Amino acid sequence: MSKSYSQFKAMLAITKAALIAIFRSPSAVVFSFAFPLVFILVFGFLGGSGGVSLRAAFTPDADTSSQLYRIINTIPGIKIVEKSPEEITEDLEKGRLTATISIQKNNKTASPAYFVNLTSSEAVNPQNIQVLKSILGSIITNMDKQQFPDQPTVAAINNNIEKIPGRTYRTIDFILPGQLGFSLLSAGVFGVAFLFFNLRQTLVLKRFFATPISRTHIVLGEGLSRVIFQLITAVVILLIGHYFFHFTLVHGWLTFVELLVLSFIGLMVFMSFGFVVSGLAKNESSIPPLANIVTMPQFLLSGTFFPIDNFPTWLQPLCKILPLTHLNDAMRNIAFEGIHLTACGKQLGILAIWAVIGYSLAVKLFKWE
């Protein structure tokens, strides 16, 4: 009889039963489908372009000896980025920078002392460009009043802003990957932790041990059900975002498939945290606090709602070691910038390190009974 017993078929039976149970669980549906979709719908209906985020760079030929240059560098509302000309051009094309600022000394006439020229791209929200112009205009006006009262103006801003071609960067292009990433994190941690704890408490695992199925296939069957459910969630979120709110999929279906593969990788990493929480939990009421220790810092600090550049400088190194940060970055790079999964080596490498850490702890802490 043991020879005719199929471990694979038994695993599929467990997967099917567990999948049905997940779909019947209101909390699983809410956290995986409803919660991310609410945010996607809200931000999707807010408008096409992102909010005000002023990141700028000076051109290589900008007059760095001018006082105007020094004052602009001290304005809290403008984050000055220092990169190579090639990287600056790439950031402009992809909407990462609001504009480049060129400060040129006027050697022909006494006034204005400087000319300020802005270069932006079609990918940048026009509102951000106008805000940047207003800030620069305010700086110049204050300089005129304080230091150059007898001159018409110390600098003049060219109203003809040069724009290079670029892809429009919408709010949904930032929000959707963050919400999908958090959905995967929540499912991997909360879903797995509650699942295996309840299987132990209700003696379901003990009943499984009375059958010929191996422990490995029990874990694979239960885990596979969670993977299938979350990939269905990812498909729904991506399709709604793309067809209803124009979420960017640069290479179409190829980008869609790559995002699903990345979702699978992220979920496998996060499931290791769920196994750890399941092993640490003494009772069911202790699972939420333990799971929140893992999920909440990542939800808040991993660029789910806004770039981590907005955080204080001292906090950013912590943000950059969190696995959800790198999953979100990889998703945005693939979806909007057109980078393929094979080019996301840094993000995948850090996720792999977290996977090794997570499953190493899970093996030591996981309990069958």
# chains A, B, ... in the order shown; residues from 1 in each chain; ligands from 1
$ residues_around --residues "Phe273 of chain A" --least-positions-apart "3" --cutoff "10 Å" --atoms "only C-alpha atoms" --output "list in words"
Leu185, Gly188, Val189, Phe190, Val192, Ala193, Met268, Val269, Phe270, Val276, Val277, Ser278, Gly279, Ala291, Val294, Thr295, Trp354, Ala355, Ile357, Gly358, Tyr359, Leu361 and Ala362 of chain A
$ write_last_selection --atoms "C-alpha atoms" --output "mmCIF file, in the first residue's frame"
data_model
loop_
_atom_site.group_PDB
_atom_site.id
_atom_site.type_symbol
_atom_site.label_atom_id
_atom_site.label_comp_id
_atom_site.auth_asym_id
_atom_site.auth_seq_id
_atom_site.Cartn_x
_atom_site.Cartn_y
_atom_site.Cartn_z
ATOM 1 C CA LEU A 185 4.599 41.005 3.417
ATOM 2 C CA GLY A 188 3.794 35.995 4.286
ATOM 3 C CA VAL A 189 4.065 36.945 7.951
ATOM 4 C CA PHE A 190 0.511 36.988 9.337
ATOM 5 C CA VAL A 192 1.869 31.726 7.657
ATOM 6 C CA ALA A 193 2.148 32.488 11.393
ATOM 7 C CA MET A 268 9.077 33.303 -0.288
ATOM 8 C CA VAL A 269 11.323 35.661 1.700
ATOM 9 C CA PHE A 270 8.453 36.998 3.810
ATOM 10 C CA VAL A 276 9.761 32.390 12.748
ATOM 11 C CA VAL A 277 6.768 34.170 14.317
ATOM 12 C CA SER A 278 4.842 30.876 14.391
ATOM 13 C CA GLY A 279 7.714 29.238 16.245
ATOM 14 C CA ALA A 291 4.107 39.914 13.469
ATOM 15 C CA VAL A 294 8.274 42.565 11.578
ATOM 16 C CA THR A 295 5.691 44.279 9.361
ATOM 17 C CA TRP A 354 17.180 38.008 4.269
ATOM 18 C CA ALA A 355 15.860 34.655 3.025
ATOM 19 C CA ILE A 357 18.563 34.643 7.737
ATOM 20 C CA GLY A 358 14.805 34.009 7.900
ATOM 21 C CA TYR A 359 14.854 30.319 7.025
ATOM 22 C CA LEU A 361 15.910 31.011 12.201
ATOM 23 C CA ALA A 362 12.756 29.228 11.052
#
$ select_by_dssp --residues "segment 46-149 of chain A" --states "strand (DSSP E)" --output "PDB file with C-alpha atoms, in the first residue's frame"
ATOM      1  CA  ARG A  55      14.715  67.119  -6.255  1.00  0.00           C
ATOM      2  CA  ALA A  56      17.046  69.127  -8.412  1.00  0.00           C
ATOM      3  CA  ALA A  57      20.646  69.157  -9.616  1.00  0.00           C
ATOM      4  CA  PHE A  58      23.008  71.877 -10.766  1.00  0.00           C
ATOM      5  CA  LYS A  79      16.953  68.444  -2.273  1.00  0.00           C
ATOM      6  CA  ILE A  80      20.069  68.953  -4.365  1.00  0.00           C
ATOM      7  CA  ALA A  99      14.817  70.015 -13.013  1.00  0.00           C
ATOM      8  CA  THR A 100      18.456  70.897 -13.463  1.00  0.00           C
ATOM      9  CA  ILE A 101      19.470  74.428 -12.512  1.00  0.00           C
ATOM     10  CA  SER A 102      21.990  76.412 -14.527  1.00  0.00           C
ATOM     11  CA  ILE A 103      23.386  79.626 -13.010  1.00  0.00           C
ATOM     12  CA  GLN A 104      25.312  81.666 -15.573  1.00  0.00           C
ATOM     13  CA  LYS A 105      27.067  84.967 -14.903  1.00  0.00           C
ATOM     14  CA  TYR A 114      23.056  86.082 -13.321  1.00  0.00           C
ATOM     15  CA  PHE A 115      20.762  84.150 -15.608  1.00  0.00           C
ATOM     16  CA  VAL A 116      18.988  81.075 -14.263  1.00  0.00           C
ATOM     17  CA  ASN A 117      17.924  78.405 -16.751  1.00  0.00           C
ATOM     18  CA  LEU A 118      15.884  75.325 -15.870  1.00  0.00           C
ATOM     19  CA  THR A 119      15.802  72.057 -17.783  1.00  0.00           C
ATOM     20  CA  SER A 120      13.085  69.536 -16.985  1.00  0.00           C
ATOM     21  CA  SER A 121      11.323  66.671 -18.761  1.00  0.00           C
TER      22      SER A 121
END
$ closest_residue --among "A:Ala281, A:Leu195, A:Ile353, A:Leu231" --to "Leu259 of chain A" --atoms "only C-alpha atoms"
A:Leu231
$ atom_distance --atom1 "atom CA of Leu267 of chain A" --atom2 "atom CA of His242 of chain A"
21.6 Å
$ residues_around --residues "Val250 of chain A" --least-positions-apart "5" --cutoff "7 Å" --atoms "only C-alpha atoms" --output "PyMOL selection string"
chain A and resi 255+335-336+338
$ residues_around --residues "Leu12 of chain A" --least-positions-apart "6" --cutoff "12 Å" --atoms "only C-alpha atoms" --output "JSON, numbers by chain"
{"A": [6, 18, 19, 213, 217, 218, 219, 220, 221, 222, 223, 224, 225, 228]}
$ residues_around --residues "Asn128 of chain A" --least-positions-apart "3" --cutoff "12 Å" --atoms "only C-alpha atoms" --output "PyMOL selection string"
chain A and resi 49-56+77-78+95-99+120-125+131-135
